[in-house]
$ cat upload_22.cif   # mmCIF, C-alpha atoms
data_work
#
loop_
_atom_site.group_PDB
_atom_site.id
_atom_site.type_symbol
_atom_site.label_atom_id
_atom_site.label_comp_id
_atom_site.auth_asym_id
_atom_site.auth_seq_id
_atom_site.Cartn_x
_atom_site.Cartn_y
_atom_site.Cartn_z
ATOM 1 C CA MET A 1 2.292 -19.006 5.072
ATOM 2 C CA PHE A 2 0.136 -20.159 7.993
ATOM 3 C CA ARG A 3 -1.540 -23.579 7.602
ATOM 4 C CA LEU A 4 -4.668 -24.063 9.707
ATOM 5 C CA ALA A 5 -6.323 -27.501 9.876
ATOM 6 C CA HIS A 6 -10.065 -27.683 10.579
ATOM 7 C CA VAL A 7 -11.640 -30.841 12.021
ATOM 8 C CA THR A 8 -15.228 -30.971 13.210
ATOM 9 C CA ASP A 9 -17.983 -33.242 14.530
ATOM 10 C CA PRO A 10 -15.852 -36.297 15.377
ATOM 11 C CA HIS A 11 -18.494 -37.661 17.783
ATOM 12 C CA PHE A 12 -16.222 -39.819 19.911
ATOM 13 C CA ARG A 13 -18.046 -42.785 21.417
ATOM 14 C CA SER A 14 -17.272 -44.218 24.840
ATOM 15 C CA PHE A 15 -19.383 -45.465 27.751
ATOM 16 C CA THR A 16 -16.480 -46.201 30.093
ATOM 17 C CA GLY A 17 -17.446 -45.363 33.663
ATOM 18 C CA ALA A 18 -20.999 -44.336 32.759
ATOM 19 C CA ARG A 19 -23.696 -45.106 35.327
ATOM 20 C CA LEU A 20 -27.342 -45.966 34.777
ATOM 21 C CA LYS A 21 -28.447 -42.731 36.450
ATOM 22 C CA ASP A 22 -26.453 -40.760 33.856
ATOM 23 C CA PHE A 23 -29.169 -41.680 31.362
ATOM 24 C CA PHE A 24 -32.241 -40.613 33.371
ATOM 25 C CA ASN A 25 -32.584 -37.550 31.142
ATOM 26 C CA LYS A 26 -32.296 -36.526 27.468
ATOM 27 C CA ARG A 27 -29.323 -38.865 27.150
ATOM 28 C CA ALA A 28 -31.686 -41.857 27.113
ATOM 29 C CA VAL A 29 -33.145 -40.869 23.739
ATOM 30 C CA GLY A 30 -29.775 -39.790 22.362
ATOM 31 C CA THR A 31 -28.096 -43.033 23.380
ATOM 32 C CA LEU A 32 -30.884 -45.111 21.835
ATOM 33 C CA ASN A 33 -30.391 -43.209 18.577
ATOM 34 C CA LEU A 34 -26.656 -43.754 18.883
ATOM 35 C CA LEU A 35 -26.966 -47.515 19.342
ATOM 36 C CA VAL A 36 -29.588 -48.005 16.638
ATOM 37 C CA ASN A 37 -28.449 -45.498 14.034
ATOM 38 C CA ARG A 38 -25.453 -43.245 14.617
ATOM 39 C CA ARG A 39 -22.930 -45.953 15.533
ATOM 40 C CA ARG A 40 -23.141 -47.226 11.949
ATOM 41 C CA LYS A 41 -22.657 -43.760 10.500
ATOM 42 C CA HIS A 42 -19.835 -42.560 12.747
ATOM 43 C CA ARG A 43 -16.845 -44.905 12.905
ATOM 44 C CA MET A 44 -14.059 -44.633 15.437
ATOM 45 C CA GLU A 45 -11.535 -46.297 13.117
ATOM 46 C CA LEU A 46 -11.972 -43.387 10.701
ATOM 47 C CA LEU A 47 -11.016 -40.963 13.463
ATOM 48 C CA ALA A 48 -7.869 -42.977 14.111
ATOM 49 C CA ALA A 49 -7.017 -42.909 10.396
ATOM 50 C CA LEU A 50 -7.689 -39.177 10.148
ATOM 51 C CA GLY A 51 -5.397 -38.539 13.101
ATOM 52 C CA GLU A 52 -2.594 -40.485 11.426
ATOM 53 C CA ASP A 53 -3.056 -38.562 8.186
ATOM 54 C CA LEU A 54 -3.094 -35.222 9.968
ATOM 55 C CA ARG A 55 0.102 -36.060 11.848
ATOM 56 C CA ALA A 56 1.823 -36.697 8.527
ATOM 57 C CA ARG A 57 0.987 -33.254 7.136
ATOM 58 C CA THR A 58 2.622 -29.967 8.034
ATOM 59 C CA VAL A 59 0.171 -27.663 9.788
ATOM 60 C CA ASP A 60 0.711 -24.784 12.180
ATOM 61 C CA HIS A 61 -2.547 -25.055 14.092
ATOM 62 C CA LEU A 62 -5.622 -27.271 14.464
ATOM 63 C CA ALA A 63 -9.157 -25.966 15.052
ATOM 64 C CA LEU A 64 -11.836 -28.329 16.373
ATOM 65 C CA THR A 65 -15.319 -26.822 16.014
ATOM 66 C CA GLY A 66 -17.357 -28.958 18.356
ATOM 67 C CA ASP A 67 -19.432 -32.102 18.745
ATOM 68 C CA LEU A 68 -16.516 -33.992 20.194
ATOM 69 C CA SER A 69 -19.061 -36.217 21.951
ATOM 70 C CA ASN A 70 -22.439 -37.821 21.322
ATOM 71 C CA VAL A 71 -24.244 -37.336 24.637
ATOM 72 C CA SER A 72 -21.728 -35.318 26.704
ATOM 73 C CA LEU A 73 -20.352 -38.214 28.714
ATOM 74 C CA LEU A 74 -17.085 -37.636 30.547
ATOM 75 C CA SER A 75 -15.596 -40.714 28.867
ATOM 76 C CA GLU A 76 -16.386 -39.261 25.423
ATOM 77 C CA PHE A 77 -14.627 -36.015 26.286
ATOM 78 C CA GLU A 78 -11.640 -37.953 27.618
ATOM 79 C CA ALA A 79 -11.454 -40.019 24.414
ATOM 80 C CA ALA A 80 -11.417 -36.789 22.401
ATOM 81 C CA ARG A 81 -8.632 -35.345 24.531
ATOM 82 C CA ARG A 82 -6.550 -38.514 24.129
ATOM 83 C CA TRP A 83 -6.972 -38.255 20.346
ATOM 84 C CA ILE A 84 -5.807 -34.634 20.411
ATOM 85 C CA GLU A 85 -2.825 -35.470 22.601
ATOM 86 C CA ALA A 86 -1.843 -38.324 20.261
ATOM 87 C CA LEU A 87 -1.404 -35.788 17.454
ATOM 88 C CA GLY A 88 1.714 -34.571 19.236
ATOM 89 C CA ALA A 89 0.641 -30.923 19.166
ATOM 90 C CA GLY A 90 0.560 -28.999 22.425
ATOM 91 C CA PRO A 91 -2.362 -26.892 23.702
ATOM 92 C CA ALA A 92 -0.850 -23.772 22.144
ATOM 93 C CA ASP A 93 -1.244 -25.356 18.701
ATOM 94 C CA VAL A 94 -4.827 -26.627 19.039
ATOM 95 C CA THR A 95 -8.034 -24.665 19.614
ATOM 96 C CA VAL A 96 -11.269 -26.365 20.727
ATOM 97 C CA ILE A 97 -14.834 -25.062 21.023
ATOM 98 C CA PRO A 98 -17.962 -27.041 21.994
ATOM 99 C CA GLY A 99 -20.857 -28.234 19.843
ATOM 100 C CA ASN A 100 -24.476 -28.876 20.744
ATOM 101 C CA HIS A 101 -23.720 -32.549 21.552
ATOM 102 C CA ASP A 102 -21.157 -31.275 24.079
ATOM 103 C CA ALA A 103 -23.908 -29.366 25.896
ATOM 104 C CA TYR A 104 -26.441 -32.188 25.893
ATOM 105 C CA ILE A 105 -27.866 -31.625 29.355
ATOM 106 C CA GLU A 106 -27.840 -28.706 31.774
ATOM 107 C CA GLU A 107 -25.820 -30.636 34.336
ATOM 108 C CA VAL A 108 -22.887 -30.679 31.888
ATOM 109 C CA THR A 109 -23.025 -27.003 30.961
ATOM 110 C CA ALA A 110 -23.484 -25.924 34.579
ATOM 111 C CA SER A 111 -20.494 -27.978 35.738
ATOM 112 C CA GLY A 112 -18.121 -26.480 33.163
ATOM 113 C CA VAL A 113 -16.579 -29.917 32.592
ATOM 114 C CA PHE A 114 -15.905 -29.195 28.924
ATOM 115 C CA GLU A 115 -13.988 -26.018 29.729
ATOM 116 C CA ARG A 116 -12.021 -27.801 32.472
ATOM 117 C CA LEU A 117 -10.972 -30.667 30.228
ATOM 118 C CA PHE A 118 -10.200 -28.508 27.192
ATOM 119 C CA GLY A 119 -9.203 -25.294 28.944
ATOM 120 C CA GLY A 120 -5.627 -25.526 27.740
ATOM 121 C CA TYR A 121 -6.948 -25.437 24.176
ATOM 122 C CA GLN A 122 -8.993 -22.315 24.894
ATOM 123 C CA ARG A 123 -6.396 -20.247 26.703
ATOM 124 C CA GLY A 124 -6.782 -16.717 25.414
ATOM 125 C CA ASP A 125 -3.656 -14.708 24.658
ATOM 126 C CA ASP A 126 -5.329 -11.473 25.688
ATOM 127 C CA SER A 127 -6.413 -11.078 29.307
ATOM 128 C CA ASP A 128 -9.611 -9.267 28.349
ATOM 129 C CA SER A 129 -10.776 -11.736 25.700
ATOM 130 C CA GLY A 130 -12.202 -14.513 27.849
ATOM 131 C CA GLY A 131 -11.008 -18.080 27.683
ATOM 132 C CA SER A 132 -9.259 -20.003 30.395
ATOM 133 C CA GLY A 133 -6.472 -17.447 30.498
ATOM 134 C CA GLY A 134 -8.686 -14.380 30.589
ATOM 135 C CA ARG A 135 -11.054 -12.655 32.981
ATOM 136 C CA GLY A 136 -14.817 -13.012 33.177
ATOM 137 C CA GLU A 137 -16.811 -15.156 30.763
ATOM 138 C CA PRO A 138 -15.024 -17.970 28.898
ATOM 139 C CA TYR A 139 -16.359 -17.037 25.437
ATOM 140 C CA PRO A 140 -15.445 -15.533 23.125
ATOM 141 C CA PHE A 141 -11.691 -15.916 23.412
ATOM 142 C CA VAL A 142 -8.885 -14.994 21.031
ATOM 143 C CA ARG A 143 -5.585 -16.743 20.360
ATOM 144 C CA LEU A 144 -2.953 -14.769 18.469
ATOM 145 C CA ARG A 145 -0.725 -16.775 16.164
ATOM 146 C CA GLY A 146 1.518 -14.439 14.202
ATOM 147 C CA ASP A 147 -0.644 -12.575 11.696
ATOM 148 C CA VAL A 148 -3.689 -14.749 12.509
ATOM 149 C CA ALA A 149 -6.244 -14.172 15.285
ATOM 150 C CA ILE A 150 -8.287 -17.295 16.115
ATOM 151 C CA VAL A 151 -11.555 -16.364 17.822
ATOM 152 C CA GLY A 152 -13.597 -19.034 19.634
ATOM 153 C CA VAL A 153 -17.363 -18.542 19.990
ATOM 154 C CA ASN A 154 -19.825 -20.746 21.886
ATOM 155 C CA THR A 155 -23.287 -21.318 20.354
ATOM 156 C CA CYS A 156 -24.202 -24.285 22.514
ATOM 157 C CA VAL A 157 -26.851 -24.470 25.204
ATOM 158 C CA ALA A 158 -28.698 -27.277 26.959
ATOM 159 C CA THR A 159 -31.960 -27.083 25.008
ATOM 160 C CA HIS A 160 -34.206 -29.064 27.406
ATOM 161 C CA ASP A 161 -35.808 -30.601 24.302
ATOM 162 C CA LEU A 162 -34.772 -32.866 21.444
ATOM 163 C CA GLY A 163 -33.739 -29.911 19.295
ATOM 164 C CA ALA A 164 -30.169 -29.153 18.257
ATOM 165 C CA TRP A 165 -30.530 -25.382 18.000
ATOM 166 C CA GLY A 166 -27.904 -22.926 19.128
ATOM 167 C CA LEU A 167 -27.660 -19.431 20.573
ATOM 168 C CA VAL A 168 -24.806 -16.957 20.877
ATOM 169 C CA GLY A 169 -26.752 -14.665 23.189
ATOM 170 C CA PRO A 170 -26.717 -10.866 23.580
ATOM 171 C CA ALA A 171 -23.902 -10.761 26.157
ATOM 172 C CA GLN A 172 -21.515 -12.879 24.108
ATOM 173 C CA LEU A 173 -22.443 -10.986 20.930
ATOM 174 C CA GLY A 174 -21.483 -7.752 22.666
ATOM 175 C CA ARG A 175 -18.121 -9.124 23.755
ATOM 176 C CA LEU A 176 -17.511 -10.555 20.283
ATOM 177 C CA GLU A 177 -18.176 -7.236 18.577
ATOM 178 C CA ALA A 178 -15.794 -5.449 20.926
ATOM 179 C CA LEU A 179 -13.104 -8.071 20.361
ATOM 180 C CA LEU A 180 -13.354 -8.107 16.539
ATOM 181 C CA SER A 181 -13.295 -4.302 16.473
ATOM 182 C CA ARG A 182 -10.060 -3.860 18.388
ATOM 183 C CA PRO A 183 -7.236 -2.463 16.194
ATOM 184 C CA GLU A 184 -4.692 -5.108 17.223
ATOM 185 C CA ILE A 185 -7.163 -7.822 16.227
ATOM 186 C CA GLN A 186 -8.365 -6.113 13.046
ATOM 187 C CA GLN A 187 -4.832 -5.887 11.695
ATOM 188 C CA ARG A 188 -4.647 -9.689 11.699
ATOM 189 C CA VAL A 189 -6.472 -12.336 9.662
ATOM 190 C CA ARG A 190 -9.472 -12.968 11.921
ATOM 191 C CA VAL A 191 -10.663 -16.588 11.854
ATOM 192 C CA VAL A 192 -13.925 -17.042 13.770
ATOM 193 C CA LEU A 193 -14.686 -20.557 15.042
ATOM 194 C CA ILE A 194 -18.325 -21.393 15.676
ATOM 195 C CA HIS A 195 -20.268 -24.660 15.757
ATOM 196 C CA HIS A 196 -23.652 -23.696 14.287
ATOM 197 C CA PRO A 197 -23.486 -21.985 10.880
ATOM 198 C CA PRO A 198 -24.608 -18.343 10.771
ATOM 199 C CA VAL A 199 -26.986 -19.161 7.902
ATOM 200 C CA VAL A 200 -29.609 -21.885 7.357
ATOM 201 C CA HIS A 201 -28.321 -24.785 5.307
ATOM 202 C CA ARG A 202 -30.770 -27.420 6.478
ATOM 203 C CA PRO A 203 -34.248 -27.408 8.029
ATOM 204 C CA PRO A 204 -35.902 -27.687 10.486
ATOM 205 C CA GLU A 205 -35.535 -24.549 12.567
ATOM 206 C CA SER A 206 -35.056 -26.707 15.677
ATOM 207 C CA ARG A 207 -31.459 -27.404 14.581
ATOM 208 C CA ASN A 208 -30.343 -23.919 13.540
ATOM 209 C CA LEU A 209 -28.771 -20.874 15.185
ATOM 210 C CA ARG A 210 -31.604 -18.819 16.639
ATOM 211 C CA ASP A 211 -29.853 -15.441 16.684
ATOM 212 C CA ARG A 212 -28.065 -15.854 13.347
ATOM 213 C CA ASP A 213 -29.454 -12.554 12.036
ATOM 214 C CA ALA A 214 -27.814 -10.693 14.910
ATOM 215 C CA LEU A 215 -24.517 -12.459 14.263
ATOM 216 C CA VAL A 216 -24.642 -11.706 10.520
ATOM 217 C CA ALA A 217 -25.362 -8.034 11.298
ATOM 218 C CA LEU A 218 -22.432 -7.973 13.730
ATOM 219 C CA LEU A 219 -20.049 -9.384 11.110
ATOM 220 C CA ALA A 220 -21.329 -6.816 8.610
ATOM 221 C CA ARG A 221 -20.175 -4.100 11.041
ATOM 222 C CA THR A 222 -16.886 -5.594 12.234
ATOM 223 C CA GLY A 223 -15.812 -7.858 9.416
ATOM 224 C CA ALA A 224 -13.801 -11.085 9.650
ATOM 225 C CA GLU A 225 -11.554 -12.795 7.153
ATOM 226 C CA LEU A 226 -12.882 -16.348 7.632
ATOM 227 C CA VAL A 227 -15.659 -18.106 9.560
ATOM 228 C CA LEU A 228 -15.380 -21.868 10.167
ATOM 229 C CA HIS A 229 -18.206 -24.068 11.441
ATOM 230 C CA GLY A 230 -19.397 -27.648 11.754
ATOM 231 C CA HIS A 231 -22.821 -29.046 12.719
ATOM 232 C CA ASP A 232 -24.187 -29.923 9.262
ATOM 233 C CA HIS A 233 -21.781 -32.800 8.504
ATOM 234 C CA ARG A 234 -21.062 -31.689 4.929
ATOM 235 C CA ASP A 235 -18.852 -29.376 2.913
ATOM 236 C CA LEU A 236 -20.546 -25.974 2.717
ATOM 237 C CA ARG A 237 -19.535 -22.584 1.327
ATOM 238 C CA VAL A 238 -21.331 -19.248 1.576
ATOM 239 C CA THR A 239 -20.197 -15.627 1.613
ATOM 240 C CA LEU A 240 -21.386 -12.931 3.998
ATOM 241 C CA ALA A 241 -20.972 -9.200 3.448
ATOM 242 C CA GLY A 242 -18.557 -7.390 5.728
ATOM 243 C CA PRO A 243 -17.980 -3.638 6.027
ATOM 244 C CA GLY A 244 -18.399 -1.956 2.654
ATOM 245 C CA GLY A 245 -19.486 -5.263 1.133
ATOM 246 C CA THR A 246 -16.112 -6.937 1.728
ATOM 247 C CA PRO A 247 -16.745 -10.684 1.374
ATOM 248 C CA ILE A 248 -16.431 -12.952 4.405
ATOM 249 C CA PRO A 249 -16.012 -16.634 3.450
ATOM 250 C CA VAL A 250 -18.019 -19.000 5.669
ATOM 251 C CA VAL A 251 -16.893 -22.620 5.404
ATOM 252 C CA GLY A 252 -18.436 -25.723 6.936
ATOM 253 C CA ALA A 253 -16.589 -29.056 6.986
ATOM 254 C CA GLY A 254 -17.933 -32.587 6.953
ATOM 255 C CA SER A 255 -17.842 -34.868 9.977
ATOM 256 C CA ALA A 256 -14.456 -36.359 10.797
ATOM 257 C CA SER A 257 -15.969 -39.776 11.562
ATOM 258 C CA TYR A 258 -18.755 -40.089 8.964
ATOM 259 C CA ALA A 259 -18.767 -43.402 7.048
ATOM 260 C CA GLY A 260 -21.279 -42.531 4.329
ATOM 261 C CA ARG A 261 -21.101 -41.632 0.668
ATOM 262 C CA PRO A 262 -17.817 -40.335 -0.819
ATOM 263 C CA GLU A 263 -18.992 -36.705 -0.912
ATOM 264 C CA ARG A 264 -19.610 -36.776 2.853
ATOM 265 C CA ARG A 265 -17.189 -39.422 4.058
ATOM 266 C CA SER A 266 -14.698 -38.611 6.842
ATOM 267 C CA ARG A 267 -12.821 -35.438 5.954
ATOM 268 C CA TYR A 268 -11.061 -32.320 7.140
ATOM 269 C CA ASN A 269 -9.824 -29.044 5.682
ATOM 270 C CA ILE A 270 -6.532 -27.199 5.640
ATOM 271 C CA TYR A 271 -6.530 -23.432 5.049
ATOM 272 C CA GLU A 272 -3.383 -21.898 3.633
ATOM 273 C CA ILE A 273 -3.273 -18.290 4.820
ATOM 274 C CA ASP A 274 -0.747 -16.170 2.954
ATOM 275 C CA GLY A 275 -1.141 -12.508 3.832
ATOM 276 C CA ARG A 276 -4.838 -11.860 3.183
ATOM 277 C CA GLY A 277 -5.057 -14.690 0.669
ATOM 278 C CA ILE A 278 -6.790 -17.882 1.841
ATOM 279 C CA THR A 279 -6.950 -21.202 -0.011
ATOM 280 C CA ALA A 280 -9.028 -24.120 1.296
ATOM 281 C CA LEU A 281 -7.929 -27.721 0.685
ATOM 282 C CA THR A 282 -10.227 -30.634 1.537
ATOM 283 C CA TYR A 283 -8.866 -34.096 2.343
ATOM 284 C CA ALA A 284 -11.382 -36.956 2.348
ATOM 285 C CA HIS A 285 -11.116 -40.650 3.192
ATOM 286 C CA ASP A 286 -10.992 -42.900 0.157
ATOM 287 C CA GLU A 287 -12.622 -46.216 1.019
ATOM 288 C CA THR A 288 -10.742 -48.109 -1.700
ATOM 289 C CA THR A 289 -7.224 -47.092 -0.685
ATOM 290 C CA GLY A 290 -7.889 -46.246 2.965
ATOM 291 C CA ARG A 291 -6.023 -42.989 2.461
ATOM 292 C CA TYR A 292 -7.032 -39.332 2.771
ATOM 293 C CA LEU A 293 -6.857 -37.827 -0.700
ATOM 294 C CA GLU A 294 -7.280 -34.245 -1.830
ATOM 295 C CA ALA A 295 -10.974 -33.868 -2.681
ATOM 296 C CA GLY A 296 -11.160 -30.148 -3.292
ATOM 297 C CA ARG A 297 -9.166 -26.945 -3.551
ATOM 298 C CA GLU A 298 -10.694 -23.466 -3.584
ATOM 299 C CA VAL A 299 -9.292 -19.960 -3.401
ATOM 300 C CA LEU A 300 -11.499 -18.171 -0.876
ATOM 301 C CA THR A 301 -9.896 -14.714 -0.935
#

$ encode --input "upload_22.cif" --output "structure tokens"
Amino acid sequence: MFRLAHVTDPHFRSFTGARLKDFFNKRAVGTLNLLVNRRRKHRMELLAALGEDLRARTVDHLALTGDLSNVSLLSEFEAARRWIEALGAGPADVTVIPGNHDAYIEEVTASGVFERLFGGYQRGDDSDSGGSGGRGEPYPFVRLRGDVAIVGVNTCVATHDLGAWGLVGPAQLGRLEALLSRPEIQQRVRVVLIHHPPVVHRPPESRNLRDRDALVALLARTGAELVLHGHDHRDLRVTLAGPGGTPIPVVGAGSASYAGRPERRSRYNIYEIDGRGITALTYAHDETTGRYLEAGREVLT
């Protein structure tokens, strides 16, 4: 059995080393929202507690599906990397993709700072699949772990507005279809990591994946055994149709740092993959005990 942990939207907060000129852009509005609103909702002590709980459980791999930061500051990325390193798992056992908050301004996406800092956690095992270990574009990439193929997709762009929408783009969609269709990948349990969900869970349109219909059509042709996403900060389950109507479970997890109501409070998932069978277990922070307790268990396939 392969045990895959899924953590998303931790939103690490740090202003260490930030300069005033770093905020002469979209970051000014985002930081104001962070100081007035989001800092109460996203608590760093919950991330520390989640890390301790995760270290105590037996997992084979960890997937982080984006929004490691709030406004794409270098210090936020570095705080996220320190948290990952403190887990004691090496880069081969952790996979990281970006979220829309990690592509807050064009300067960040153009510099490739996210890929430099987290490149070890994106190193593709196949030289043609992208990633830091492959040729050409960094996304998508594939990491082969026994009978499981972990595929990282990037939906994040600098939007030049206050929207949080995402885009896979025609070129990446083409590479993704080719990758998912390859026999050596198809024979494995294909787990696709993506930040924005491929369906609309919440309005408005300014926060959703713009080319979701193209992605859904692609998955209908190629299939996948599991799609994991973040972005919406809540537990979500839908099913897409793969080839011949074969169901594809699509699972969204709540934010790792959220301090709100029990049904959304800091949480993560573990997927037990046994052959083609997949069971999802949700662990959520219990404010009374301070522990992460099992909050849900569902057989997906």

$ closest_residue --input "upload_22.cif" --among "A:Gly120, A:Gly290, A:Gly230, A:Pro138" --to "Asn100 in chain A" --atoms "all atoms listed in the file"
A:Gly230

$ atom_distance --input "upload_22.cif" --atom1 "CA of Thr289 in chain A" --atom2 "CA of Asn269 in chain A"
19.3 Å

$ closest_residue --input "upload_22.cif" --among "A:Glu205, A:Asp213, A:Asp22, A:Asp286" --to "Glu107 in chain A" --atoms "only C-alpha atoms"
A:Asp22

$ closest_residue --input "upload_22.cif" --among "A:Ala295, A:Leu226, A:Ala178, A:Ala18" --to "Glu76 in chain A" --atoms "only C-alpha atoms"
A:Ala18

$ resolve_selection --input "upload_22.cif" --expression "the PyMOL selection byres ((chain A and resi 74) around 9)" --output "PyMOL selection string"
chain A and resi 14-18+69+72-73+75-79+113-114

$ residues_around --input "upload_22.cif" --residues "range 46-62 of chain A" --least-positions-apart "2" --cutoff "10 Å" --atoms "all atoms listed in the file" --output "JSON, numbers by chain"
{"A": [1, 2, 3, 4, 5, 6, 7, 10, 11, 12, 42, 43, 44, 64, 65, 80, 83, 84, 86, 87, 88, 89, 90, 91, 92, 93, 94, 95, 96, 121, 145, 150, 255, 256, 257, 258, 259, 265, 266, 267, 268, 269, 270, 271, 272, 283, 284, 285, 290, 291, 292, 293]}

$ residues_near_point --input "upload_22.cif" --point "(-20.1, -22.7, -2.4)" --cutoff "12 Å" --atoms "only C-alpha atoms" --output "list in words"
His201, Arg234, Asp235, Leu236, Arg237, Val238, Thr239, Leu240, Pro249, Val250, Val251, Gly252, Ala253, Ala280, Gly296, Arg297, Glu298, Val299 and Leu300 of chain A

$ resolve_selection --input "upload_22.cif" --expression "the PyMOL selection byres ((chain A and resi 179) around 9)" --output "PyMOL selection string"
chain A and resi 128-129+140-142+151+174-178+180-182+185-186

$ resolve_selection --input "upload_22.cif" --expression "the PyMOL selection byres ((chain A and resi 190) around 7)" --output "NGL selection string"
:A and (148-150 or 188-189 or 191-192 or 224-226)

$ atom_distance --input "upload_22.cif" --atom1 "CA of Pro98 in chain A" --atom2 "CA of Glu287 in chain A"
28.9 Å

$ atom_distance --input "upload_22.cif" --atom1 "CA of Arg276 in chain A" --atom2 "CA of Asp147 in chain A"
9.5 Å

$ axis_aligned_box --input "upload_22.cif" --around "range 105-121 of chain A" --padding-each-side "4 Å" --output "lines of an AutoDock Vina configuration file"
center_x = -16.7
center_y = -28.5
center_z = 30.0
size_x = 30.2
size_y = 14.3
size_z = 19.6
